[in-house]
>>> print(open('my_file.tsv').read())   # TSV, C-alpha atoms
chain	number	residue	atom	x	y	z
A	1200	MET	CA	11.34	-1.94	-2.47
A	1201	GLY	CA	8.28	-1.70	-0.27
A	1202	PHE	CA	5.69	1.00	-0.52
A	1203	ARG	CA	4.22	3.79	1.58
A	1204	MET	CA	0.59	3.53	2.59
A	1205	GLY	CA	-1.05	6.51	4.24
A	1206	ILE	CA	-3.67	5.76	6.90
A	1207	VAL	CA	-6.35	8.44	6.61
A	1208	GLY	CA	-9.88	9.05	7.80
A	1209	LEU	CA	-12.05	11.29	9.91
A	1210	PRO	CA	-11.06	11.81	13.55
A	1211	ASN	CA	-11.87	9.00	16.00
A	1212	VAL	CA	-12.33	6.21	13.47
A	1213	GLY	CA	-9.44	4.11	14.82
A	1214	LYS	CA	-6.54	5.24	12.61
A	1215	SER	CA	-3.95	5.55	15.37
A	1216	THR	CA	-5.13	2.37	17.10
A	1217	LEU	CA	-4.64	0.53	13.82
A	1218	PHE	CA	-1.25	2.16	13.26
A	1219	ASN	CA	-0.12	1.14	16.75
A	1220	ALA	CA	-1.17	-2.42	16.09
A	1221	LEU	CA	0.45	-2.59	12.66
A	1222	THR	CA	3.78	-1.21	13.75
A	1223	ARG	CA	3.70	-2.80	17.21
A	1224	THR	CA	4.45	0.51	18.81
A	1225	ALA	CA	2.70	3.14	20.89
A	1226	ALA	CA	4.33	5.94	18.91
A	1227	ALA	CA	0.97	7.24	17.73
A	1228	GLN	CA	-1.16	8.62	20.53
A	1229	ALA	CA	-4.60	6.99	20.40
A	1230	ALA	CA	-6.97	9.30	22.24
A	1231	ASN	CA	-10.66	10.07	22.08
A	1232	PHE	CA	-10.47	13.57	20.64
A	1233	PRO	CA	-9.84	15.06	17.18
A	1234	PHE	CA	-6.32	15.94	16.02
A	1235	CYS	CA	-4.48	13.79	18.57
A	1236	THR	CA	-2.04	13.08	15.74
A	1237	ILE	CA	-0.41	16.38	14.86
A	1238	GLU	CA	2.59	15.14	12.91
A	1239	PRO	CA	2.36	12.04	10.69
A	1240	ASN	CA	3.76	8.99	12.42
A	1241	VAL	CA	5.81	6.73	10.22
A	1242	GLY	CA	6.45	3.07	10.92
A	1243	GLU	CA	7.94	0.18	9.01
A	1244	VAL	CA	6.66	-3.36	9.34
A	1245	ALA	CA	7.98	-6.63	8.01
A	1246	VAL	CA	5.77	-8.12	5.32
A	1247	PRO	CA	4.67	-11.56	6.56
A	1248	ASP	CA	5.36	-14.34	4.06
A	1249	ARG	CA	5.37	-17.99	5.12
A	1250	ARG	CA	7.38	-18.91	2.02
A	1251	LEU	CA	10.33	-16.90	3.29
A	1252	ASP	CA	10.76	-18.94	6.48
A	1253	ARG	CA	10.39	-22.24	4.63
A	1254	LEU	CA	13.03	-21.27	2.07
A	1255	ALA	CA	15.41	-20.17	4.84
A	1256	GLU	CA	14.87	-23.42	6.69
A	1257	ILE	CA	15.75	-25.48	3.62
A	1258	ALA	CA	18.84	-23.37	2.83
A	1259	ARG	CA	19.86	-23.21	6.51
A	1260	SER	CA	20.28	-19.46	6.19
A	1261	LYS	CA	21.86	-17.54	9.03
A	1262	GLN	CA	19.59	-14.55	8.41
A	1263	VAL	CA	16.01	-14.13	7.25
A	1264	ILE	CA	15.22	-10.68	5.87
A	1265	PRO	CA	11.63	-9.89	4.88
A	1266	THR	CA	10.64	-7.06	2.61
A	1267	ARG	CA	9.09	-4.09	4.40
A	1268	MET	CA	6.08	-1.82	4.13
A	1269	THR	CA	5.89	1.73	5.43
A	1270	PHE	CA	2.73	2.99	7.10
A	1271	VAL	CA	2.12	6.70	7.61
A	1272	ASP	CA	-0.49	7.65	10.20
A	1273	ILE	CA	-1.89	10.92	8.85
A	1274	ALA	CA	-3.91	13.13	11.21
A	1275	GLY	CA	-7.72	13.11	10.90
A	1276	LEU	CA	-9.25	15.02	8.05
A	1277	VAL	CA	-12.49	16.97	8.52
A	1278	LYS	CA	-15.01	18.65	6.25
A	1279	GLY	CA	-13.38	21.84	4.98
A	1280	ALA	CA	-9.84	20.42	5.06
A	1281	SER	CA	-9.29	21.60	1.47
A	1282	LYS	CA	-9.90	25.15	2.77
A	1283	GLY	CA	-7.51	24.66	5.68
A	1284	GLU	CA	-10.08	23.58	8.28
A	1285	GLY	CA	-8.61	21.60	11.16
A	1286	LEU	CA	-5.04	21.00	10.04
A	1287	GLY	CA	-6.15	20.47	6.46
A	1288	ASN	CA	-3.29	21.87	4.39
A	1289	GLN	CA	-0.68	19.90	6.33
A	1290	PHE	CA	-2.69	16.69	6.06
A	1291	LEU	CA	-3.22	17.04	2.33
A	1292	ALA	CA	0.52	17.58	1.81
A	1293	ASN	CA	1.23	14.36	3.74
A	1294	ILE	CA	-1.13	12.40	1.49
A	1295	ARG	CA	0.77	13.50	-1.63
A	1296	GLU	CA	3.85	11.66	-0.35
A	1297	VAL	CA	2.32	8.16	-0.13
A	1298	ASP	CA	1.80	5.52	-2.82
A	1299	ALA	CA	-1.66	4.44	-1.71
A	1300	ILE	CA	-4.34	5.38	0.79
A	1301	ALA	CA	-5.77	3.11	3.46
A	1302	HIS	CA	-9.03	4.91	4.20
A	1303	VAL	CA	-10.16	3.83	7.66
A	1304	LEU	CA	-13.93	3.98	8.13
A	1305	ARG	CA	-15.77	3.65	11.40
A	1306	CYS	CA	-18.03	0.61	11.15
A	1307	PHE	CA	-18.89	0.21	14.83
A	1308	GLU	CA	-21.27	1.72	17.39
A	1309	ASP	CA	-19.71	2.96	20.63
A	1310	GLY	CA	-21.23	5.68	22.78
A	1311	ASP	CA	-17.92	6.21	24.54
A	1312	VAL	CA	-16.12	7.19	21.33
A	1313	THR	CA	-17.29	10.48	19.89
A	1314	HIS	CA	-17.92	10.70	16.14
A	1315	VAL	CA	-16.99	14.08	14.72
A	1316	GLU	CA	-20.30	14.23	12.80
A	1317	GLY	CA	-22.37	12.77	15.63
A	1318	ARG	CA	-23.42	9.60	13.74
A	1319	VAL	CA	-22.04	6.37	12.28
A	1320	ASP	CA	-22.27	6.40	8.48
A	1321	PRO	CA	-19.10	5.02	6.81
A	1322	VAL	CA	-20.26	5.70	3.25
A	1323	SER	CA	-20.95	9.35	4.06
A	1324	ASP	CA	-17.57	9.56	5.82
A	1325	ALA	CA	-15.86	8.20	2.72
A	1326	GLU	CA	-17.64	10.76	0.55
A	1327	THR	CA	-16.57	13.57	2.91
A	1328	ILE	CA	-12.90	12.69	2.55
A	1329	GLU	CA	-13.13	12.10	-1.20
A	1330	THR	CA	-14.86	15.46	-1.68
A	1331	GLU	CA	-12.10	17.27	0.20
A	1332	LEU	CA	-9.41	15.58	-1.88
A	1333	MET	CA	-11.28	16.42	-5.09
A	1334	ILE	CA	-11.67	20.07	-4.13
A	1335	ALA	CA	-7.98	20.28	-3.27
A	1336	ASP	CA	-7.06	18.72	-6.65
A	1337	LEU	CA	-9.29	21.13	-8.56
A	1338	GLU	CA	-7.70	24.15	-6.88
A	1339	SER	CA	-4.23	22.76	-7.56
A	1340	ILE	CA	-5.05	22.10	-11.22
A	1341	GLU	CA	-6.45	25.59	-11.80
A	1342	LYS	CA	-3.31	27.20	-10.36
A	1343	ARG	CA	-0.96	24.94	-12.30
A	1344	ARG	CA	-2.73	25.44	-15.62
A	1345	ALA	CA	-2.64	29.18	-15.11
A	1346	GLY	CA	1.10	28.90	-14.51
A	1347	LEU	CA	1.61	27.03	-17.80
A	1348	VAL	CA	0.14	29.74	-20.07
A	1349	ARG	CA	3.47	31.36	-21.00
A	1350	LYS	CA	5.17	28.03	-21.78
A	1351	LEU	CA	2.17	26.92	-23.84
A	1352	LYS	CA	2.42	30.03	-25.98
A	1353	GLY	CA	6.06	29.18	-26.59
A	1354	GLY	CA	5.14	25.67	-27.72
A	1355	ASP	CA	6.94	23.88	-24.89
A	1356	LYS	CA	6.23	20.15	-25.47
A	1357	GLU	CA	6.41	19.20	-21.82
A	1358	ALA	CA	4.01	21.99	-20.89
A	1359	VAL	CA	1.60	20.91	-23.64
A	1360	GLN	CA	1.58	17.34	-22.31
A	1361	GLN	CA	1.15	18.50	-18.73
A	1362	ASP	CA	-1.70	20.84	-19.60
A	1363	ARG	CA	-3.47	18.11	-21.60
A	1364	LEU	CA	-3.30	15.72	-18.65
A	1365	LEU	CA	-4.37	18.39	-16.17
A	1366	ALA	CA	-7.33	19.23	-18.42
A	1367	ALA	CA	-8.40	15.57	-18.48
A	1368	ALA	CA	-8.19	15.38	-14.69
A	1369	GLN	CA	-10.08	18.64	-14.33
A	1370	ALA	CA	-12.90	17.39	-16.57
A	1371	ALA	CA	-13.30	14.25	-14.43
A	1372	LEU	CA	-13.25	16.20	-11.17
A	1373	GLU	CA	-15.78	18.76	-12.41
A	1374	ASP	CA	-17.98	15.80	-13.30
A	1375	GLY	CA	-17.79	14.65	-9.68
A	1376	ARG	CA	-15.34	11.80	-10.32
A	1377	PRO	CA	-11.81	11.33	-8.91
A	1378	ALA	CA	-8.83	11.72	-11.23
A	1379	ARG	CA	-8.05	8.00	-10.94
A	1380	VAL	CA	-10.86	7.26	-13.43
A	1381	VAL	CA	-8.91	8.98	-16.24
A	1382	GLU	CA	-7.43	6.49	-18.70
A	1383	VAL	CA	-3.80	7.38	-19.39
A	1384	ASP	CA	-1.73	6.14	-22.35
A	1385	ALA	CA	1.56	4.38	-21.65
A	1386	GLU	CA	3.63	7.30	-22.98
A	1387	ASP	CA	1.87	9.64	-20.51
A	1388	THR	CA	2.25	7.44	-17.42
A	1389	ARG	CA	5.38	9.09	-16.05
A	1390	ALA	CA	4.04	12.62	-16.55
A	1391	TRP	CA	0.68	11.65	-15.06
A	1392	THR	CA	2.34	10.23	-11.94
A	1393	GLY	CA	4.43	13.39	-11.68
A	1394	LEU	CA	1.29	15.50	-11.30
A	1395	GLN	CA	0.87	14.03	-7.79
A	1396	LEU	CA	-2.87	14.57	-7.72
A	1397	LEU	CA	-4.49	13.36	-4.51
A	1398	THR	CA	-7.37	11.55	-6.19
A	1399	THR	CA	-5.08	9.47	-8.40
A	1400	LYS	CA	-3.90	7.54	-5.33
A	1401	PRO	CA	-5.26	3.98	-5.21
A	1402	ILE	CA	-7.65	3.56	-2.26
A	1403	LEU	CA	-8.17	0.61	0.05
A	1404	TYR	CA	-11.16	1.02	2.35
A	1405	VAL	CA	-10.43	-0.38	5.82
A	1406	CYS	CA	-13.64	-1.20	7.70
A	1407	ASN	CA	-12.88	-0.88	11.40
A	1408	VAL	CA	-15.50	-3.09	13.05
A	1409	ASP	CA	-16.28	-4.14	16.61
A	1410	GLU	CA	-14.63	-7.30	17.95
A	1411	ALA	CA	-17.74	-9.45	17.44
A	1412	SER	CA	-17.80	-8.55	13.72
A	1413	ALA	CA	-14.10	-9.14	13.02
A	1414	ALA	CA	-14.58	-12.50	11.30
A	1415	HIS	CA	-17.50	-11.72	9.01
A	1416	GLY	CA	-18.11	-7.98	9.09
A	1417	ASN	CA	-21.44	-6.25	9.78
A	1418	ALA	CA	-24.09	-4.13	8.09
A	1419	PHE	CA	-21.78	-1.08	8.03
A	1420	SER	CA	-18.90	-2.95	6.39
A	1421	ALA	CA	-21.33	-4.47	3.87
A	1422	GLN	CA	-22.28	-0.93	2.81
A	1423	VAL	CA	-18.61	-0.08	2.32
A	1424	GLU	CA	-18.00	-3.26	0.32
A	1425	ARG	CA	-20.86	-2.34	-2.05
A	1426	MET	CA	-19.49	1.20	-2.42
A	1427	ALA	CA	-15.97	-0.09	-3.11
A	1428	SER	CA	-17.31	-2.52	-5.71
A	1429	THR	CA	-19.04	0.26	-7.65
A	1430	GLN	CA	-15.76	2.25	-7.64
A	1431	GLY	CA	-13.56	-0.69	-8.63
A	1432	ALA	CA	-11.77	-0.21	-5.29
A	1433	ALA	CA	-10.90	-2.76	-2.59
A	1434	SER	CA	-12.05	-3.15	1.01
A	1435	VAL	CA	-10.90	-5.18	4.00
A	1436	VAL	CA	-12.54	-5.80	7.38
A	1437	ILE	CA	-10.39	-5.32	10.48
A	1438	SER	CA	-11.01	-4.80	14.17
A	1439	ALA	CA	-8.31	-2.34	15.22
A	1440	ARG	CA	-8.84	-3.28	18.87
A	1441	ILE	CA	-8.24	-6.96	18.15
A	1442	GLU	CA	-5.15	-6.13	16.09
A	1443	GLU	CA	-3.81	-4.04	18.96
A	1444	GLU	CA	-4.31	-6.96	21.36
A	1445	ILE	CA	-2.66	-9.43	18.95
A	1446	SER	CA	0.34	-7.15	18.55
A	1447	GLN	CA	1.13	-7.55	22.25
A	1448	LEU	CA	1.15	-11.38	22.15
A	1449	ASP	CA	3.82	-13.86	21.17
A	1450	ALA	CA	3.28	-16.11	18.14
A	1451	GLU	CA	1.72	-19.02	20.05
A	1452	GLU	CA	-0.61	-16.81	22.08
A	1453	ALA	CA	-1.59	-14.86	18.95
A	1454	GLY	CA	-2.48	-18.09	17.14
A	1455	MET	CA	-4.71	-19.24	20.00
A	1456	PHE	CA	-6.36	-15.82	20.20
A	1457	LEU	CA	-7.07	-15.77	16.47
A	1458	GLU	CA	-8.60	-19.24	16.65
A	1459	GLU	CA	-10.87	-18.14	19.51
A	1460	MET	CA	-12.00	-15.14	17.47
A	1461	GLY	CA	-12.66	-17.27	14.38
A	1462	LEU	CA	-9.93	-15.55	12.38
A	1463	GLU	CA	-7.52	-17.38	10.07
A	1464	GLU	CA	-4.83	-14.68	10.05
A	1465	PRO	CA	-4.09	-11.27	11.57
A	1466	GLY	CA	-5.56	-8.18	9.96
A	1467	LEU	CA	-2.02	-7.04	9.16
A	1468	ASP	CA	-1.62	-9.96	6.77
A	1469	ARG	CA	-4.92	-9.22	5.04
A	1470	LEU	CA	-4.20	-5.51	4.85
A	1471	ILE	CA	-0.77	-6.05	3.29
A	1472	LYS	CA	-2.11	-8.60	0.80
A	1473	ALA	CA	-4.84	-6.18	-0.21
A	1474	GLY	CA	-2.25	-3.40	-0.50
A	1475	TYR	CA	-0.02	-5.52	-2.71
A	1476	GLU	CA	-2.94	-6.32	-5.00
A	1477	LEU	CA	-3.94	-2.66	-5.04
A	1478	LEU	CA	-0.49	-1.59	-6.29
A	1479	HIS	CA	0.14	-4.73	-8.38
A	1480	LEU	CA	3.25	-5.72	-6.40
A	1481	GLU	CA	4.99	-9.10	-6.32
A	1482	THR	CA	7.72	-10.76	-4.25
A	1483	TYR	CA	10.81	-12.67	-5.36
A	1484	PHE	CA	13.46	-14.31	-3.18
A	1485	THR	CA	17.23	-14.65	-3.01
A	1486	VAL	CA	18.30	-17.73	-1.05
A	1487	GLY	CA	21.67	-18.82	0.34
A	1488	PRO	CA	23.50	-19.95	3.48
A	1489	LYS	CA	24.19	-16.35	4.57
A	1490	GLU	CA	20.65	-15.06	4.14
A	1491	THR	CA	17.25	-15.64	2.62
A	1492	ARG	CA	15.66	-12.38	1.59
A	1493	ALA	CA	12.40	-11.17	0.08
A	1494	TRP	CA	12.31	-8.36	-2.49
A	1495	THR	CA	9.28	-6.44	-3.76
A	1496	VAL	CA	8.84	-5.39	-7.40
A	1497	PRO	CA	5.90	-4.17	-9.49
A	1498	ALA	CA	4.16	-6.90	-11.46
A	1499	GLY	CA	5.59	-7.06	-14.97
A	1500	THR	CA	9.16	-6.19	-13.90
A	1501	ARG	CA	11.86	-7.66	-16.15
A	1502	ALA	CA	14.85	-9.51	-14.74
A	1503	PRO	CA	17.47	-6.69	-15.10
A	1504	GLN	CA	15.22	-4.19	-13.29
A	1505	ALA	CA	14.48	-6.76	-10.57
A	1506	ALA	CA	18.23	-7.22	-10.15
A	1507	GLY	CA	18.59	-3.45	-9.89
A	1508	VAL	CA	16.43	-3.47	-6.75
A	1509	ILE	CA	19.30	-5.28	-5.04
A	1510	HIS	CA	22.04	-3.07	-6.50
A	1511	GLY	CA	22.32	-0.78	-9.50
A	1512	ASP	CA	25.43	-2.62	-10.72
A	1513	PHE	CA	23.39	-5.83	-11.00
A	1514	GLU	CA	21.12	-4.14	-13.52
A	1515	LYS	CA	23.91	-2.41	-15.47
A	1516	GLY	CA	26.00	-5.55	-15.85
A	1517	PHE	CA	23.13	-8.03	-16.10
A	1518	ILE	CA	23.98	-11.26	-17.96
A	1519	ARG	CA	21.20	-13.64	-17.02
A	1520	ALA	CA	18.98	-14.79	-14.17
A	1521	GLU	CA	18.80	-18.33	-12.87
A	1522	THR	CA	15.32	-18.98	-11.51
A	1523	ILE	CA	13.49	-21.70	-9.63
A	1524	ALA	CA	9.81	-21.47	-8.71
A	1525	CYS	CA	9.36	-21.31	-4.93
A	1526	ASP	CA	7.04	-24.34	-4.95
A	1527	ASP	CA	9.66	-26.41	-6.80
A	1528	PHE	CA	12.45	-25.25	-4.47
A	1529	VAL	CA	10.42	-26.31	-1.43
A	1530	ALA	CA	9.00	-29.54	-2.88
A	1531	LEU	CA	12.41	-30.76	-4.05
A	1532	GLY	CA	14.30	-29.65	-0.96
A	1533	GLY	CA	16.62	-26.95	-2.29
A	1534	GLU	CA	18.62	-25.55	-5.17
A	1535	GLN	CA	20.77	-28.58	-6.04
A	1536	ALA	CA	17.82	-30.96	-6.13
A	1537	ALA	CA	15.85	-28.49	-8.24
A	1538	LYS	CA	18.76	-28.25	-10.68
A	1539	GLU	CA	19.00	-32.04	-10.96
A	1540	ALA	CA	15.26	-32.24	-11.59
A	1541	GLY	CA	15.54	-29.70	-14.42
A	1542	LYS	CA	13.53	-27.08	-12.54
A	1543	MET	CA	16.17	-24.32	-12.76
A	1544	ARG	CA	15.94	-22.10	-15.84
A	1545	ALA	CA	18.37	-19.57	-17.26
A	1546	GLU	CA	16.51	-16.44	-18.36
A	1547	GLY	CA	17.67	-13.35	-20.24
A	1548	LYS	CA	16.88	-9.64	-20.21
A	1549	SER	CA	13.32	-10.06	-21.48
A	1550	TYR	CA	12.27	-12.40	-18.67
A	1551	ILE	CA	9.36	-11.09	-16.60
A	1552	VAL	CA	9.81	-11.98	-12.94
A	1553	LYS	CA	6.99	-14.00	-11.39
A	1554	ASP	CA	5.73	-13.85	-7.83
A	1555	GLY	CA	7.60	-16.44	-5.77
A	1556	ASP	CA	10.63	-16.78	-8.06
A	1557	VAL	CA	13.85	-17.79	-6.33
A	1558	LEU	CA	16.44	-15.84	-8.31
A	1559	HIS	CA	20.21	-15.80	-8.69
A	1560	PHE	CA	21.63	-13.03	-10.89
A	1561	LEU	CA	24.82	-13.23	-12.94
A	1562	PHE	CA	26.35	-9.91	-13.96
A	1563	ASN	CA	29.56	-8.26	-15.18
A	1564	THR	CA	31.35	-5.98	-12.75
>>> encode(input="my_file.tsv", output="structure tokens")
Amino acid sequence: MGFRMGIVGLPNVGKSTLFNALTRTAAAQAANFPFCTIEPNVGEVAVPDRRLDRLAEIARSKQVIPTRMTFVDIAGLVKGASKGEGLGNQFLANIREVDAIAHVLRCFEDGDVTHVEGRVDPVSDAETIETELMIADLESIEKRRAGLVRKLKGGDKEAVQQDRLLAAAQAALEDGRPARVVEVDAEDTRAWTGLQLLTTKPILYVCNVDEASAAHGNAFSAQVERMASTQGAASVVISARIEEEISQLDAEEAGMFLEEMGLEEPGLDRLIKAGYELLHLETYFTVGPKETRAWTVPAGTRAPQAAGVIHGDFEKGFIRAETIACDDFVALGGEQAAKEAGKMRAEGKSYIVKDGDVLHFLFNT
């Protein structure tokens, strides 16, 4: 599994430029006017992982298959979106369908690129979007709670749980806080997720800076970093223009370009890493002569459920998992050498998969 990250922000902050760079396509029209993206553009990118290529090299695999991430370029939100301003209702519906939000903030000065509010203030921009999402959630909650009245009178357990969770979210929102601050018990997690409230989505703030600030950020991105820290959120600095240039280069040219810019890795890599941390995702590998493949699972996933990501029958008929740590596989030069060195372990149904595990599943058909 991968995950869907929605790219949102005010108009003209660099969302579509970033999307084009990330997906290496010109499918999203990047133009200097609001609402140039009318329908959400969806693109899948391979998740870069140096371990994958090294494992494939050792196993002499014919195919290398990375795990994938889906990016959704959602049209620019504006103040009043919760009331249908701009293309608000459509945009808000698109946000409900993603797992996390990459909130692109303009952290650069450029007189040739119009800002919808006529000034550069990324913290204020972030507050504008958050306010619209909170208003939309409050309106949704009020309607849904009103619709539960009859079931509540009848003592419907599911309705009681739903109303209790909606009430908790409503209290937070009326206090000026997003619903993600609500602490939810384990037994309520599924129902809470099912509410699909906009402000429960994890947020990654993407500071779109000028090219000269790509390596270390600037005063604008520093403001965003402080804001994110107070919220317990994450932030990453990217120059969308640089990423767009890199996306047009081959690997050798890209490496030279990054070195010239003082960057260790492309923004895509940093964005994906931050996204994985945001959603507590991990990667395990299956390795063989036919293919070496990366698989994504939530942190804390047990072996049978990890096997089920490959095929449902693997989970149903799970017997055990044979696992080698990626570092051991690489250091010892492959599966057989790892076995001989005692680095392969047989694990049962309770085993929690670790990031970088090289796994082989045994199951009954």
>>> closest_residue(input="my_file.tsv", among="A:Pro1210, A:Ala1390, A:Ser1323, A:Ala1536", to="Lys1356 (chain A)", atoms="only C-alpha atoms")
A:Ala1390
>>> atom_distance(input="my_file.tsv", atom1="CA of Met1455 (chain A)", atom2="CA of Ile1441 (chain A)")
12.9 Å
>>> atom_distance(input="my_file.tsv", atom1="CA of Asp1362 (chain A)", atom2="CA of Lys1342 (chain A)")
11.3 Å
>>> atom_distance(input="my_file.tsv", atom1="CA of Leu1394 (chain A)", atom2="CA of Ala1370 (chain A)")
15.3 Å
>>> closest_residue(input="my_file.tsv", among="A:Asp1374, A:Asp1468, A:Asp1248, A:Asp1272", to="Ala1301 (chain A)", atoms="only C-alpha atoms")
A:Asp1272
>>> build_atoms(input="my_file.tsv", residues="region 1341-1349 of chain A", atoms="all heavy atoms", output="compact mmCIF listing (two decimals), in the coordinates of the input")
# COMPACT_ATOMS: atom_id res chain seq x y z
N GLU A 1341 -6.19 24.24 -11.28
CA GLU A 1341 -6.45 25.59 -11.80
C GLU A 1341 -5.21 26.47 -11.68
O GLU A 1341 -4.87 27.21 -12.62
CB GLU A 1341 -7.65 26.20 -11.06
CG GLU A 1341 -8.98 25.55 -11.44
CD GLU A 1341 -10.12 25.95 -10.52
OE1 GLU A 1341 -9.87 26.76 -9.59
OE2 GLU A 1341 -11.25 25.47 -10.72
N LYS A 1342 -4.53 26.40 -10.55
CA LYS A 1342 -3.31 27.20 -10.36
C LYS A 1342 -2.20 26.76 -11.31
O LYS A 1342 -1.50 27.59 -11.91
CB LYS A 1342 -2.82 27.08 -8.91
CG LYS A 1342 -3.72 27.77 -7.89
CD LYS A 1342 -3.20 27.54 -6.48
CE LYS A 1342 -4.13 28.16 -5.44
NZ LYS A 1342 -3.67 27.87 -4.05
N ARG A 1343 -2.05 25.45 -11.46
CA ARG A 1343 -0.96 24.94 -12.30
C ARG A 1343 -1.20 25.24 -13.78
O ARG A 1343 -0.26 25.56 -14.51
CB ARG A 1343 -0.79 23.45 -12.06
CG ARG A 1343 -0.22 23.16 -10.68
CD ARG A 1343 -0.47 21.76 -10.20
NE ARG A 1343 0.47 20.81 -10.73
CZ ARG A 1343 0.55 19.55 -10.33
NH1 ARG A 1343 -0.28 19.11 -9.40
NH2 ARG A 1343 1.44 18.74 -10.85
N ARG A 1344 -2.44 25.13 -14.21
CA ARG A 1344 -2.73 25.44 -15.62
C ARG A 1344 -2.51 26.92 -15.91
O ARG A 1344 -2.02 27.29 -16.99
CB ARG A 1344 -4.16 25.03 -15.97
CG ARG A 1344 -4.39 23.51 -15.96
CD ARG A 1344 -5.72 23.15 -16.59
NE ARG A 1344 -5.66 23.30 -18.04
CZ ARG A 1344 -6.73 23.20 -18.83
NH1 ARG A 1344 -7.93 23.03 -18.30
NH2 ARG A 1344 -6.60 23.34 -20.13
N ALA A 1345 -2.86 27.74 -14.93
CA ALA A 1345 -2.64 29.18 -15.11
C ALA A 1345 -1.14 29.47 -15.21
O ALA A 1345 -0.71 30.34 -15.99
CB ALA A 1345 -3.24 29.95 -13.94
N GLY A 1346 -0.35 28.71 -14.48
CA GLY A 1346 1.10 28.90 -14.51
C GLY A 1346 1.76 28.39 -15.77
O GLY A 1346 2.94 28.69 -16.01
N LEU A 1347 1.04 27.60 -16.57
CA LEU A 1347 1.61 27.03 -17.80
C LEU A 1347 1.37 27.89 -19.04
O LEU A 1347 1.92 27.61 -20.11
CB LEU A 1347 1.02 25.64 -18.06
CG LEU A 1347 1.45 24.52 -17.10
CD1 LEU A 1347 0.62 23.26 -17.38
CD2 LEU A 1347 2.94 24.22 -17.27
N VAL A 1348 0.57 28.95 -18.90
CA VAL A 1348 0.14 29.74 -20.07
C VAL A 1348 1.33 30.24 -20.90
O VAL A 1348 1.35 30.10 -22.13
CB VAL A 1348 -0.73 30.93 -19.62
CG1 VAL A 1348 -1.00 31.86 -20.80
CG2 VAL A 1348 -2.04 30.42 -19.03
N ARG A 1349 2.33 30.80 -20.26
CA ARG A 1349 3.47 31.36 -21.00
C ARG A 1349 4.22 30.27 -21.77
O ARG A 1349 4.57 30.44 -22.94
CB ARG A 1349 4.42 32.07 -20.03
CG ARG A 1349 5.62 32.75 -20.73
CD ARG A 1349 6.48 33.52 -19.75
NE ARG A 1349 5.74 34.60 -19.13
CZ ARG A 1349 6.24 35.40 -18.19
NH1 ARG A 1349 7.49 35.22 -17.78
NH2 ARG A 1349 5.52 36.38 -17.68
